[in-house]
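Source file: final24.cif; contents: mmCIF, C-alpha atoms and all ligand atoms.
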```
data_start
#
loop_
_atom_site.label_atom_id
_atom_site.label_comp_id
_atom_site.auth_asym_id
_atom_site.auth_seq_id
_atom_site.Cartn_x
_atom_site.Cartn_y
_atom_site.Cartn_z
CA MET A 8 -32.58 -22.41 -7.32
CA ILE A 9 -29.56 -24.13 -8.89
CA ASN A 10 -26.30 -22.23 -8.87
CA ASN A 11 -22.65 -22.50 -9.89
CA PRO A 12 -20.57 -20.23 -7.60
CA LEU A 13 -18.37 -17.61 -9.27
CA ILE A 14 -15.11 -15.89 -8.41
CA PHE A 15 -14.59 -12.36 -9.73
CA ALA A 16 -10.98 -11.94 -10.92
CA ALA A 17 -10.22 -8.27 -10.29
CA LEU A 18 -7.71 -5.52 -10.88
CA SER A 19 -7.58 -1.92 -9.69
CA ASP A 20 -6.93 0.23 -12.74
CA ILE A 21 -5.78 3.75 -13.59
CA ALA A 22 -9.28 5.04 -12.80
CA GLY A 23 -9.02 3.49 -9.34
CA LYS A 24 -11.93 1.22 -10.26
CA THR A 25 -12.02 -2.48 -9.42
CA ARG A 26 -12.82 -4.21 -12.68
CA GLY A 27 -12.59 -7.78 -13.93
CA LYS A 28 -14.41 -10.94 -14.96
CA ALA A 29 -15.92 -13.86 -13.10
CA PHE A 30 -15.32 -17.60 -13.59
CA PRO A 31 -16.68 -20.73 -11.84
CA VAL A 32 -14.94 -21.64 -8.58
CA THR A 33 -14.34 -25.11 -10.01
CA ASP A 34 -12.02 -23.57 -12.62
CA LEU A 35 -9.79 -21.85 -10.06
CA ASP A 36 -6.69 -24.02 -10.61
CA LYS A 37 -6.85 -23.50 -14.35
CA ARG A 38 -7.49 -19.75 -14.02
CA MET A 39 -4.55 -19.28 -11.66
CA ARG A 40 -2.34 -20.67 -14.42
CA LYS A 41 -4.02 -19.28 -17.54
CA GLY A 42 -5.89 -16.26 -16.18
CA VAL A 43 -8.91 -14.67 -17.83
CA GLY A 44 -8.69 -12.64 -21.04
CA TRP A 45 -8.35 -8.87 -20.69
CA THR A 46 -8.42 -6.04 -23.23
CA PRO A 47 -5.77 -3.25 -23.43
CA THR A 48 -8.34 -0.55 -24.26
CA ASN A 49 -10.06 -1.16 -20.90
CA VAL A 50 -7.26 0.85 -19.29
CA MET A 51 -8.64 3.92 -21.03
CA ILE A 52 -12.11 3.52 -19.49
CA THR A 53 -12.39 6.47 -17.13
CA CYS A 54 -14.27 6.51 -13.84
CA PHE A 55 -17.22 7.86 -15.85
CA ASP A 56 -17.14 4.87 -18.27
CA ALA A 57 -16.18 7.08 -21.23
CA ILE A 58 -13.17 5.73 -23.12
CA ALA A 59 -10.28 8.19 -23.42
CA ASP A 60 -8.64 8.43 -26.86
CA GLY A 61 -5.99 5.77 -26.35
CA PRO A 62 -3.78 4.02 -28.89
CA PHE A 63 -5.16 0.50 -28.40
CA GLY A 64 -8.50 0.55 -30.22
CA ALA A 65 -9.98 -2.89 -30.74
CA LEU A 66 -6.56 -4.54 -30.86
CA GLY A 67 -4.59 -6.71 -28.49
CA ASP A 68 -5.06 -9.33 -25.81
CA LEU A 69 -3.85 -9.64 -22.25
CA LEU A 70 -4.31 -11.96 -19.29
CA LEU A 71 -5.57 -11.15 -15.82
CA ILE A 72 -3.98 -13.73 -13.52
CA PRO A 73 -5.70 -14.02 -10.12
CA ASP A 74 -3.33 -14.25 -7.14
CA PRO A 75 -4.24 -16.83 -4.45
CA ASP A 76 -2.68 -14.50 -1.84
CA ALA A 77 -5.41 -11.96 -2.61
CA LEU A 78 -8.49 -14.20 -2.50
CA VAL A 79 -11.46 -12.78 -0.60
CA GLU A 80 -14.39 -14.94 0.46
CA VAL A 81 -17.07 -13.37 2.62
CA ASP A 82 -20.23 -14.96 3.96
CA PHE A 83 -22.53 -12.22 5.29
CA ARG A 84 -24.86 -14.93 6.64
CA ASP A 85 -27.89 -13.11 5.30
CA GLU A 86 -30.04 -14.22 2.37
CA GLY A 87 -27.47 -13.01 -0.17
CA PRO A 88 -24.76 -15.05 -1.94
CA LEU A 89 -21.18 -15.48 -0.74
CA GLU A 90 -18.97 -12.72 -2.10
CA ARG A 91 -15.83 -14.02 -3.78
CA PHE A 92 -13.20 -12.01 -5.57
CA MET A 93 -9.50 -12.31 -6.21
CA LEU A 94 -7.06 -9.56 -7.07
CA GLY A 95 -4.42 -10.21 -9.66
CA ASP A 96 -1.84 -9.01 -12.16
CA VAL A 97 -2.27 -8.20 -15.83
CA THR A 98 0.29 -9.82 -18.11
CA GLU A 99 1.05 -10.13 -21.80
CA LEU A 100 0.09 -13.50 -23.30
CA ASP A 101 3.62 -14.78 -22.62
CA GLY A 102 3.31 -13.97 -18.91
CA THR A 103 5.49 -10.84 -18.74
CA PRO A 104 3.93 -8.02 -16.70
CA TRP A 105 1.90 -5.53 -18.77
CA GLU A 106 3.39 -2.05 -18.48
CA LEU A 107 -0.02 -0.64 -17.45
CA CYS A 108 -0.65 -3.23 -14.73
CA THR A 109 -0.91 -1.06 -11.61
CA ARG A 110 -0.08 -3.92 -9.23
CA SER A 111 3.08 -4.76 -11.19
CA VAL A 112 4.05 -1.07 -11.24
CA LEU A 113 3.90 -1.11 -7.43
CA LYS A 114 5.94 -4.31 -7.25
CA GLY A 115 8.61 -2.59 -9.37
CA ALA A 116 8.68 0.41 -7.00
CA LEU A 117 8.99 -1.85 -3.93
CA ASP A 118 11.86 -3.78 -5.57
CA ARG A 119 13.62 -0.48 -6.23
CA LEU A 120 13.18 0.56 -2.58
CA ARG A 121 14.75 -2.70 -1.43
CA THR A 122 17.66 -2.26 -3.83
CA VAL A 123 18.48 1.38 -3.01
CA GLY A 124 17.43 1.47 0.64
CA GLY A 125 17.82 -2.13 1.84
CA VAL A 126 14.34 -1.97 3.35
CA ASP A 127 10.86 -3.40 2.88
CA LEU A 128 7.78 -1.25 3.25
CA LEU A 129 5.12 -1.84 5.87
CA SER A 130 2.08 0.33 5.27
CA ALA A 131 -1.59 0.81 6.05
CA PHE A 132 -4.24 2.87 4.28
CA GLU A 133 -6.65 4.84 6.46
CA HIS A 134 -9.95 5.55 4.69
CA GLU A 135 -12.67 8.18 5.14
CA PHE A 136 -16.02 7.84 3.41
CA GLN A 137 -19.56 9.15 3.62
CA PHE A 138 -23.00 7.63 3.56
CA LYS A 139 -25.04 8.92 0.65
CA GLY A 140 -28.56 10.17 0.98
CA PRO A 141 -29.81 13.19 2.90
CA ALA A 142 -27.22 14.93 5.09
CA ALA A 143 -27.19 13.72 8.70
CA PRO A 144 -28.22 16.12 11.49
CA LEU A 145 -25.60 18.60 12.72
CA GLY A 146 -23.75 17.89 15.96
CA GLU A 147 -22.59 14.34 15.23
CA ALA A 148 -18.82 14.98 14.71
CA TYR A 149 -16.92 12.22 16.56
CA ALA A 150 -20.11 11.76 18.65
CA LEU A 151 -21.69 8.65 20.10
CA THR A 152 -24.95 9.93 18.58
CA GLY A 153 -23.25 9.65 15.18
CA PHE A 154 -21.73 6.26 15.94
CA THR A 155 -24.77 4.49 17.37
CA PRO A 156 -26.97 4.63 14.24
CA ARG A 157 -24.05 3.00 12.38
CA ARG A 158 -23.09 0.44 15.04
CA ARG A 159 -24.72 -2.36 13.06
CA PHE A 160 -22.86 -1.31 9.92
CA GLY A 161 -19.55 -0.94 11.80
CA GLU A 162 -19.84 -4.32 13.52
CA THR A 163 -20.75 -6.09 10.29
CA LEU A 164 -17.87 -4.36 8.50
CA MET A 165 -15.37 -5.41 11.19
CA ALA A 166 -16.45 -9.05 10.81
CA VAL A 167 -16.42 -8.81 7.02
CA LEU A 168 -12.92 -7.31 6.90
CA GLU A 169 -11.63 -10.10 9.11
CA GLN A 170 -13.14 -12.71 6.79
CA GLY A 171 -11.49 -10.83 3.93
CA GLY A 172 -8.06 -11.36 5.50
CA LEU A 173 -7.60 -7.87 6.99
CA VAL A 174 -6.97 -6.98 10.61
CA PRO A 175 -9.74 -4.53 11.58
CA ASP A 176 -8.47 -1.66 13.71
CA THR A 177 -10.95 1.18 14.37
CA PHE A 178 -14.30 2.48 13.11
CA MET A 179 -15.32 6.03 13.98
CA LYS A 180 -17.68 8.87 13.20
CA GLU A 181 -15.46 11.43 11.47
CA TYR A 182 -15.90 15.18 11.51
CA GLY A 183 -17.82 15.68 8.22
CA ALA A 184 -21.54 15.20 7.59
CA SER A 185 -22.34 11.44 7.47
CA GLN A 186 -18.56 10.85 7.34
CA TYR A 187 -16.91 7.80 8.90
CA GLU A 188 -13.39 6.42 9.04
CA ILE A 189 -12.20 2.83 8.96
CA THR A 190 -8.65 1.69 9.68
CA ASN A 191 -6.96 -1.69 9.46
CA GLY A 192 -3.60 -3.19 10.36
CA PRO A 193 -0.46 -2.79 8.23
CA GLY A 194 0.61 -5.08 5.41
CA ARG A 195 4.02 -5.79 3.92
CA GLY A 196 4.85 -4.80 0.36
CA VAL A 197 2.01 -5.06 -2.14
CA GLN A 198 -0.32 -6.57 0.51
CA SER A 199 -1.29 -3.22 2.06
CA ALA A 200 -2.49 -1.94 -1.32
CA ASP A 201 -4.38 -5.21 -1.89
CA HIS A 202 -6.00 -4.62 1.49
CA ALA A 203 -6.98 -1.06 0.54
CA VAL A 204 -8.74 -2.30 -2.61
CA ILE A 205 -10.44 -5.06 -0.61
CA LEU A 206 -11.48 -2.64 2.16
CA ARG A 207 -13.13 -0.22 -0.28
CA GLU A 208 -15.10 -2.99 -1.98
CA LEU A 209 -16.13 -4.72 1.26
CA THR A 210 -17.23 -1.38 2.73
CA ARG A 211 -19.45 -0.77 -0.31
CA MET A 212 -20.82 -4.32 -0.18
CA THR A 213 -21.56 -4.10 3.54
CA ALA A 214 -23.48 -0.87 3.04
CA ALA A 215 -25.41 -2.40 0.13
CA ARG A 216 -26.37 -5.47 2.20
CA LEU A 217 -27.84 -3.07 4.77
CA GLY A 218 -29.74 -1.15 2.09
CA GLU A 219 -27.39 1.85 2.09
CA GLN A 220 -24.77 3.40 -0.17
CA VAL A 221 -21.40 4.90 0.69
CA THR A 222 -19.01 7.05 -1.31
CA PHE A 223 -15.24 7.43 -1.06
CA THR A 224 -15.30 10.51 -3.31
CA PRO A 225 -12.48 12.98 -2.52
CA ILE A 226 -14.98 15.66 -1.56
CA ARG A 227 -18.76 15.59 -1.52
CA ASP A 228 -19.54 19.14 -0.53
CA PRO A 229 -16.99 21.85 -1.46
CA ALA A 230 -18.08 23.78 1.65
CA GLY A 231 -17.23 20.80 3.88
CA VAL A 232 -14.21 18.59 4.54
CA GLY A 233 -12.96 15.95 2.14
CA ASN A 234 -12.53 12.19 2.33
CA GLY A 235 -8.82 11.53 2.67
CA VAL A 236 -6.84 8.37 2.20
CA HIS A 237 -3.88 8.62 4.55
CA ILE A 238 -1.08 6.12 3.98
CA HIS A 239 0.97 5.18 7.06
CA MET A 240 4.45 3.89 6.32
CA SER A 241 7.40 2.34 8.11
CA PHE A 242 10.41 0.23 7.11
CA LEU A 243 11.80 -3.18 7.97
CA ASP A 244 15.48 -3.99 7.39
CA GLY A 245 16.81 -7.20 5.81
CA GLU A 246 16.37 -9.07 9.11
CA GLY A 247 12.79 -7.86 9.52
CA ASN A 248 13.69 -5.37 12.27
CA PRO A 249 12.17 -1.84 12.43
CA ALA A 250 14.35 0.62 10.49
CA THR A 251 12.25 3.81 10.52
CA TRP A 252 13.29 5.48 13.78
CA SER A 253 16.56 6.79 15.14
CA ALA A 254 17.17 8.63 18.40
CA ASP A 255 19.86 10.70 16.62
CA ASN A 256 17.39 12.82 14.64
CA PRO A 257 15.37 15.35 16.70
CA ALA A 258 12.13 14.23 14.99
CA GLY A 259 13.17 10.56 15.17
CA MET A 260 13.86 9.87 11.49
CA SER A 261 16.45 7.19 10.68
CA PRO A 262 18.72 8.14 7.73
CA VAL A 263 16.65 6.02 5.31
CA THR A 264 13.42 7.59 6.58
CA GLY A 265 14.81 11.11 6.30
CA SER A 266 15.95 10.67 2.70
CA PHE A 267 12.74 8.85 1.74
CA ILE A 268 10.52 11.64 3.09
CA ALA A 269 12.78 14.28 1.53
CA GLY A 270 12.28 12.56 -1.86
CA VAL A 271 8.51 12.42 -1.40
CA LEU A 272 8.40 16.16 -0.61
CA LYS A 273 10.79 17.09 -3.41
CA TYR A 274 8.70 15.32 -6.06
CA LEU A 275 5.28 15.80 -4.45
CA ASP A 276 3.99 18.35 -6.95
CA CYS A 277 4.87 15.92 -9.78
CA ILE A 278 3.31 12.79 -8.23
CA LEU A 279 0.13 14.47 -6.99
CA ALA A 280 -1.54 13.59 -10.32
CA LEU A 281 -1.25 9.94 -9.20
CA THR A 282 -2.16 10.25 -5.52
CA ALA A 283 -4.96 12.84 -5.87
CA PRO A 284 -6.03 12.07 -9.42
CA SER A 285 -9.53 13.52 -9.81
CA ASP A 286 -10.68 16.94 -10.89
CA ILE A 287 -12.25 17.59 -7.48
CA SER A 288 -9.28 16.24 -5.48
CA TYR A 289 -7.97 19.80 -5.61
CA LEU A 290 -10.99 21.20 -3.74
CA ARG A 291 -9.89 19.04 -0.81
CA LEU A 292 -6.18 19.92 -0.97
CA THR A 293 -6.69 23.45 0.35
CA PRO A 294 -5.58 24.97 3.68
CA HIS A 295 -7.62 24.40 6.86
CA ARG A 296 -9.31 21.18 5.79
CA TRP A 297 -6.82 18.96 7.61
CA SER A 298 -5.54 17.73 4.28
CA ALA A 299 -2.39 19.04 2.53
CA ALA A 300 -1.64 22.22 0.61
CA TYR A 301 2.18 22.47 0.80
CA ASN A 302 5.10 20.06 0.40
CA ASN A 303 5.91 20.06 4.10
CA LEU A 304 6.70 17.48 6.76
CA GLY A 305 4.67 18.08 9.90
CA PHE A 306 5.40 16.85 13.39
CA HIS A 307 2.07 15.54 14.72
CA ASP A 308 0.47 18.15 12.37
CA ARG A 309 -2.67 17.19 10.39
CA GLU A 310 -2.23 19.97 7.82
CA ALA A 311 1.04 18.56 6.49
CA ALA A 312 1.55 16.54 3.32
CA VAL A 313 3.62 14.07 5.33
CA ARG A 314 3.10 13.81 9.07
CA ILE A 315 5.26 12.12 11.67
CA CYS A 316 2.72 10.24 13.76
CA PRO A 317 2.76 10.02 17.54
CA VAL A 318 3.99 6.98 19.47
CA ALA A 319 2.41 5.98 22.78
CA THR A 320 5.47 4.79 24.71
CA SER A 321 8.85 5.94 26.02
CA ASN A 322 10.57 2.57 25.64
CA PRO A 323 13.08 2.80 22.76
CA GLU A 324 12.27 -0.68 21.42
CA SER A 325 8.55 0.09 21.36
CA ILE A 326 9.19 3.51 19.80
CA ALA A 327 11.16 1.82 17.03
CA ARG A 328 8.24 -0.53 16.36
CA GLN A 329 5.48 2.10 16.54
CA TYR A 330 7.22 4.99 14.79
CA ASN A 331 5.64 5.71 11.40
CA PHE A 332 4.89 8.58 9.08
CA GLU A 333 1.75 9.30 7.12
CA PHE A 334 1.20 10.60 3.57
CA ARG A 335 -1.94 12.78 3.64
CA ALA A 336 -2.19 14.16 0.08
CA GLY A 337 -4.06 11.16 -1.30
CA ASP A 338 -7.65 10.14 -1.93
CA ALA A 339 -9.67 7.14 -3.07
CA ALA A 340 -9.90 8.25 -6.70
CA ALA A 341 -6.39 6.81 -6.87
CA SER A 342 -5.74 3.12 -7.25
CA PRO A 343 -3.90 2.18 -4.03
CA TYR A 344 -1.25 0.50 -6.21
CA LEU A 345 -0.48 3.66 -8.15
CA ALA A 346 -0.60 6.04 -5.20
CA LEU A 347 1.80 3.86 -3.26
CA ALA A 348 4.05 3.24 -6.28
CA ALA A 349 4.42 6.99 -6.86
CA ILE A 350 5.25 7.64 -3.20
CA VAL A 351 7.73 4.75 -3.02
CA HIS A 352 9.50 5.82 -6.22
CA ALA A 353 9.78 9.40 -4.96
CA GLY A 354 11.15 8.12 -1.65
CA ALA A 355 13.56 5.76 -3.38
CA GLN A 356 14.81 8.65 -5.51
CA GLY A 357 15.41 10.62 -2.29
CA ILE A 358 17.46 7.70 -0.93
CA GLU A 359 19.37 7.31 -4.20
CA ASP A 360 20.19 11.02 -4.21
CA GLY A 361 21.18 10.96 -0.53
CA LEU A 362 18.82 13.82 0.35
CA PRO A 363 19.13 15.04 3.96
CA ALA A 364 16.19 14.65 6.35
CA PRO A 365 13.77 17.55 5.93
CA ALA A 366 13.01 20.07 8.67
CA VAL A 367 9.67 19.61 10.41
CA THR A 368 6.97 22.29 10.60
CA GLU A 369 4.54 22.87 13.46
CA GLU A 370 2.86 26.00 12.12
CA ASP A 371 0.23 27.21 9.65
CA LEU A 372 2.11 27.61 6.36
CA SER A 373 -0.84 29.42 4.74
CA LEU A 374 0.07 32.44 6.88
CA LEU A 375 3.52 32.78 5.27
CA SER A 376 4.17 35.13 2.37
CA ALA A 377 5.21 33.71 -1.01
CA ALA A 378 8.75 35.01 -0.41
CA GLU A 379 8.97 33.39 3.02
CA LEU A 380 7.66 30.07 1.65
CA GLU A 381 10.23 30.13 -1.13
CA LYS A 382 13.05 31.00 1.27
CA ARG A 383 12.19 27.94 3.35
CA GLY A 384 11.87 25.68 0.31
CA TYR A 385 8.11 25.14 0.39
CA ILE A 386 5.73 25.32 -2.55
CA ARG A 387 1.96 25.54 -2.76
CA LEU A 388 0.89 22.26 -4.34
CA PRO A 389 -0.85 22.26 -7.77
CA GLN A 390 -4.41 23.53 -7.48
CA SER A 391 -5.99 21.60 -10.35
CA LEU A 392 -5.64 18.18 -11.95
CA ASP A 393 -4.62 19.86 -15.18
CA GLU A 394 -1.72 21.60 -13.42
CA ALA A 395 -0.75 18.39 -11.59
CA LEU A 396 -0.70 16.46 -14.88
CA ARG A 397 1.52 19.10 -16.46
CA ARG A 398 4.00 18.80 -13.58
CA PHE A 399 3.94 15.00 -13.89
CA GLU A 400 4.48 14.81 -17.65
CA GLY A 401 7.00 17.67 -17.51
CA ASN A 402 9.34 15.86 -15.13
CA LYS A 403 11.51 13.34 -17.00
CA THR A 404 12.90 11.83 -13.80
CA VAL A 405 9.42 11.11 -12.47
CA CYS A 406 8.05 9.72 -15.76
CA GLY A 407 11.16 7.55 -16.02
CA TRP A 408 10.28 5.71 -12.80
CA PHE A 409 7.39 4.04 -14.59
CA PRO A 410 7.68 1.26 -17.17
CA GLY A 411 7.48 1.85 -20.94
CA ASP A 412 4.83 4.35 -22.00
CA PHE A 413 2.97 4.23 -18.69
CA ALA A 414 3.32 7.97 -18.02
CA ALA A 415 2.01 9.03 -21.44
CA HIS A 416 -0.92 6.61 -21.27
CA TYR A 417 -1.75 7.76 -17.75
CA VAL A 418 -1.93 11.38 -18.86
CA THR A 419 -4.08 10.45 -21.88
CA HIS A 420 -6.54 8.65 -19.61
CA LYS A 421 -6.76 11.55 -17.18
CA ARG A 422 -7.20 14.12 -19.94
CA GLY A 423 -10.12 12.00 -21.19
CA GLU A 424 -11.62 12.14 -17.70
CA LEU A 425 -11.30 15.93 -17.66
CA ALA A 426 -12.87 16.19 -21.13
CA PHE A 427 -15.99 14.42 -19.82
CA LEU A 428 -16.43 17.14 -17.18
CA GLU A 429 -16.10 20.09 -19.54
CA GLY A 430 -18.92 22.60 -19.17
CA MET A 431 -20.13 21.15 -15.87
CA ASP A 432 -20.36 23.37 -12.79
CA GLN A 433 -18.67 22.39 -9.52
CA ALA A 434 -21.77 20.82 -7.94
CA THR A 435 -22.37 18.62 -11.00
CA ARG A 436 -18.72 17.53 -11.00
CA CYS A 437 -18.91 16.62 -7.31
CA ALA A 438 -22.10 14.66 -7.97
CA ALA A 439 -20.43 12.79 -10.84
CA TYR A 440 -17.47 11.74 -8.64
CA GLU A 441 -19.77 10.86 -5.76
CA ALA A 442 -21.54 8.43 -8.08
CA ALA A 443 -18.28 7.05 -9.52
CA TYR A 444 -16.51 6.39 -6.20
N1 LIG A 501 -10.82 14.71 6.27
C1 LIG A 501 -9.43 15.07 6.29
C2 LIG A 501 -8.82 14.83 4.90
O1 LIG A 501 -9.42 15.14 3.94
C3 LIG A 501 -8.63 14.36 7.35
C4 LIG A 501 -9.12 14.47 8.77
C5 LIG A 501 -8.23 13.68 9.70
O2 LIG A 501 -7.15 14.14 10.07
O3 LIG A 501 -8.57 12.52 9.99
O4 LIG A 501 -7.75 14.32 4.75
MG MG A 502 -9.62 10.92 9.58
#
```

Now, as a test, write the supplied structure out as structure tokens.
Amino acid sequence: MINNPLIFAALSDIAGKTRGKAFPVTDLDKRMRKGVGWTPTNVMITCFDAIADGPFGALGDLLLIPDPDALVEVDFRDEGPLERFMLGDVTELDGTPWELCTRSVLKGALDRLRTVGGVDLLSAFEHEFQFKGPAAPLGEAYALTGFTPRRRFGETLMAVLEQGGLVPDTFMKEYGASQYEITNGPGRGVQSADHAVILRELTRMTAARLGEQVTFTPIRDPAGVGNGVHIHMSFLDGEGNPATWSADNPAGMSPVTGSFIAGVLKYLDCILALTAPSDISYLRLTPHRWSAAYNNLGFHDREAAVRICPVATSNPESIARQYNFEFRAGDAAASPYLALAAIVHAGAQGIEDGLPAPAVTEEDLSLLSAAELEKRGYIRLPQSLDEALRRFEGNKTVCGWFPGDFAAHYVTHKRGELAFLEGMDQATRCAAYEAAY
């Protein structure tokens, strides 16, 4: 059959959905200059396709400009077509970044980090997801018997990610029912978030080519564990040398790392609405699910909001290169651009304010009394999206990190998402998110 190959120009929006428009490959040069038309109201389309009551209505025009650095071309070498998509930025018609462009918001946060901290961010998103369909048999947690039935999927995905410009790292059977984890190598600046968007889409496509479906929903079964997105971070100084570790701090944090993490923990309750942005995200962020329930820094502890990760060496130069910390209070309902932007702004604020490095915990904070928690400066994180949104909109410093009316529009969108769920029981809400993500 005749065909004219298409490229899908894509963005990752407030709903954490990858949306866009396709154009013929032959028009690529033109489209990289002039973009494709985009509509402001689209930013109010929630993950359930309902449009939140935004201010834009039928008015306005924008451009989605595809970025050649984020072009993905994958040939599965089956009967299906080549997959081609290209991430990009949303601009006004005159080319200035649109204040609700998530990728531009992240670029702004990374610029701020460089200005206040003199460092660039290296990061990698670690993703958990589940196969849909009937629950797998019990006894497969981390097991070869759980891995083997998915070997074909895992091997195809590894090849696909490589074609998509990522460095595949590991594929494993996670603890939860039909739950798997995929990791890839770090990227500098905005690239790691591009890679997270690409990884989610290529994982879905790979499953679909094999006749299956996966979901990155924050939690599928409230009685089980959730699907986390853990963001590993480290810093490079102006010369490109590692700047995250210092032997002077007992937990190994360099001054810039200590202040950055202190900022993330200080503002965590106010940025949670951006990193864990669904109604059901808060079922996952509860004690004893290996996610995060308090604003603590853990040393090799998987129940901490931020965890200092292990290094596998005693050589100081190798430690400096390997040393990284991980943000664990995030999930795939968040656009990677927005989750990372919120974390980076909070960290940059910590650097700007010269906050001292936080103490590390190696204990179960859920066993402490409210008075003890308060004495040690810890808070229980918000337990609903509504509460998280109120903390976000109530903090002028945090809202001020974002351009123009971004914060207000974000809250409007999320309140529209919550309105859609009104009257639904927990199982129906989980099912709705499972379908959406
Ligand atoms: N599934 C856990 C979460 O929701 C994480 C498990 C792990 O440490 O890999 O974040
Ligand atoms: Mg995991």

I'd like the neighbourhood of A:Ile238 as a PyMOL selection string, where a residue qualifies if any of its atoms comes within 6 Å (using only C-alpha atoms), though same-chain residues fewer than 3 positions away should be ignored. chain A and resi 131-132+333-334

Quick one: residues within 12 Å of (-23.3, 9.0, 0.3) (file frame), counting only C-alpha atoms, please, as a VMD selection string. chain A and resid 135 to 143 183 to 187 211 214 to 215 219 to 228 234 437 to 438 440 to 444

Could the residues in this selection be saved with C-alpha atoms as a PDB file, in the coordinates of the input?
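result_28.pdb, written as the output of this step:
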```pdb
ATOM      1  CA  GLU A 135     -12.670   8.180   5.140  1.00  0.00           C
ATOM      2  CA  PHE A 136     -16.020   7.840   3.410  1.00  0.00           C
ATOM      3  CA  GLN A 137     -19.560   9.150   3.620  1.00  0.00           C
ATOM      4  CA  PHE A 138     -23.000   7.630   3.560  1.00  0.00           C
ATOM      5  CA  LYS A 139     -25.040   8.920   0.650  1.00  0.00           C
ATOM      6  CA  GLY A 140     -28.560  10.170   0.980  1.00  0.00           C
ATOM      7  CA  PRO A 141     -29.810  13.190   2.900  1.00  0.00           C
ATOM      8  CA  ALA A 142     -27.220  14.930   5.090  1.00  0.00           C
ATOM      9  CA  ALA A 143     -27.190  13.720   8.700  1.00  0.00           C
ATOM     10  CA  GLY A 183     -17.820  15.680   8.220  1.00  0.00           C
ATOM     11  CA  ALA A 184     -21.540  15.200   7.590  1.00  0.00           C
ATOM     12  CA  SER A 185     -22.340  11.440   7.470  1.00  0.00           C
ATOM     13  CA  GLN A 186     -18.560  10.850   7.340  1.00  0.00           C
ATOM     14  CA  TYR A 187     -16.910   7.800   8.900  1.00  0.00           C
ATOM     15  CA  ARG A 211     -19.450  -0.770  -0.310  1.00  0.00           C
ATOM     16  CA  ALA A 214     -23.480  -0.870   3.040  1.00  0.00           C
ATOM     17  CA  ALA A 215     -25.410  -2.400   0.130  1.00  0.00           C
ATOM     18  CA  GLU A 219     -27.390   1.850   2.090  1.00  0.00           C
ATOM     19  CA  GLN A 220     -24.770   3.400  -0.170  1.00  0.00           C
ATOM     20  CA  VAL A 221     -21.400   4.900   0.690  1.00  0.00           C
ATOM     21  CA  THR A 222     -19.010   7.050  -1.310  1.00  0.00           C
ATOM     22  CA  PHE A 223     -15.240   7.430  -1.060  1.00  0.00           C
ATOM     23  CA  THR A 224     -15.300  10.510  -3.310  1.00  0.00           C
ATOM     24  CA  PRO A 225     -12.480  12.980  -2.520  1.00  0.00           C
ATOM     25  CA  ILE A 226     -14.980  15.660  -1.560  1.00  0.00           C
ATOM     26  CA  ARG A 227     -18.760  15.590  -1.520  1.00  0.00           C
ATOM     27  CA  ASP A 228     -19.540  19.140  -0.530  1.00  0.00           C
ATOM     28  CA  ASN A 234     -12.530  12.190   2.330  1.00  0.00           C
ATOM     29  CA  CYS A 437     -18.910  16.620  -7.310  1.00  0.00           C
ATOM     30  CA  ALA A 438     -22.100  14.660  -7.970  1.00  0.00           C
ATOM     31  CA  TYR A 440     -17.470  11.740  -8.640  1.00  0.00           C
ATOM     32  CA  GLU A 441     -19.770  10.860  -5.760  1.00  0.00           C
ATOM     33  CA  ALA A 442     -21.540   8.430  -8.080  1.00  0.00           C
ATOM     34  CA  ALA A 443     -18.280   7.050  -9.520  1.00  0.00           C
ATOM     35  CA  TYR A 444     -16.510   6.390  -6.200  1.00  0.00           C
TER      36      TYR A 444
END
```

Quick one: which chain A residues come within 7 Å of ligand LIG 501 (chain A), and what is the nearest atom pair for each with the distance in Å to one decimal, counting all atoms listed in the file, rows ordered by chain and ascending number, as a Markdown table?
```
| residue | atom | partner | partner_atom | distance |
| --- | --- | --- | --- | --- |
| A:Glu135 | CA | A:LIG501 | N1 | 6.9 |
| A:Val232 | CA | A:LIG501 | N1 | 5.4 |
| A:Gly233 | CA | A:LIG501 | O1 | 4.1 |
| A:Asn234 | CA | A:LIG501 | O1 | 4.6 |
| A:Gly235 | CA | A:LIG501 | O4 | 3.6 |
| A:Val236 | CA | A:LIG501 | O4 | 6.5 |
| A:His237 | CA | A:LIG501 | O4 | 6.9 |
| A:Arg291 | CA | A:LIG501 | O1 | 6.2 |
| A:Arg296 | CA | A:LIG501 | C1 | 6.1 |
| A:Trp297 | CA | A:LIG501 | C1 | 4.9 |
| A:Ser298 | CA | A:LIG501 | O4 | 4.1 |
| A:Arg309 | CA | A:LIG501 | O2 | 5.4 |
| A:Arg335 | CA | A:LIG501 | O4 | 6.1 |
```

Residues near A:Ala57, cut-off 12 Å, all atoms listed in the file, skip fewer than 5 positions along chain, as number ranges by chain: A: 22, 48-52, 420-428, 443

Box along x, y and z, 5 Å on every side, all listed atoms of stretch 261-273 of chain A inside: centre and edge lengths in Å to one decimal, as lines of an AutoDock Vina configuration file.
```
center_x = 13.6
center_y = 11.6
center_z = 3.6
size_x = 20.3
size_y = 21.1
size_z = 24.1
```

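Across the structure, atom CA of A:Leu128 and atom CA of A:Ser253 are spaced 16.8 Å apart.
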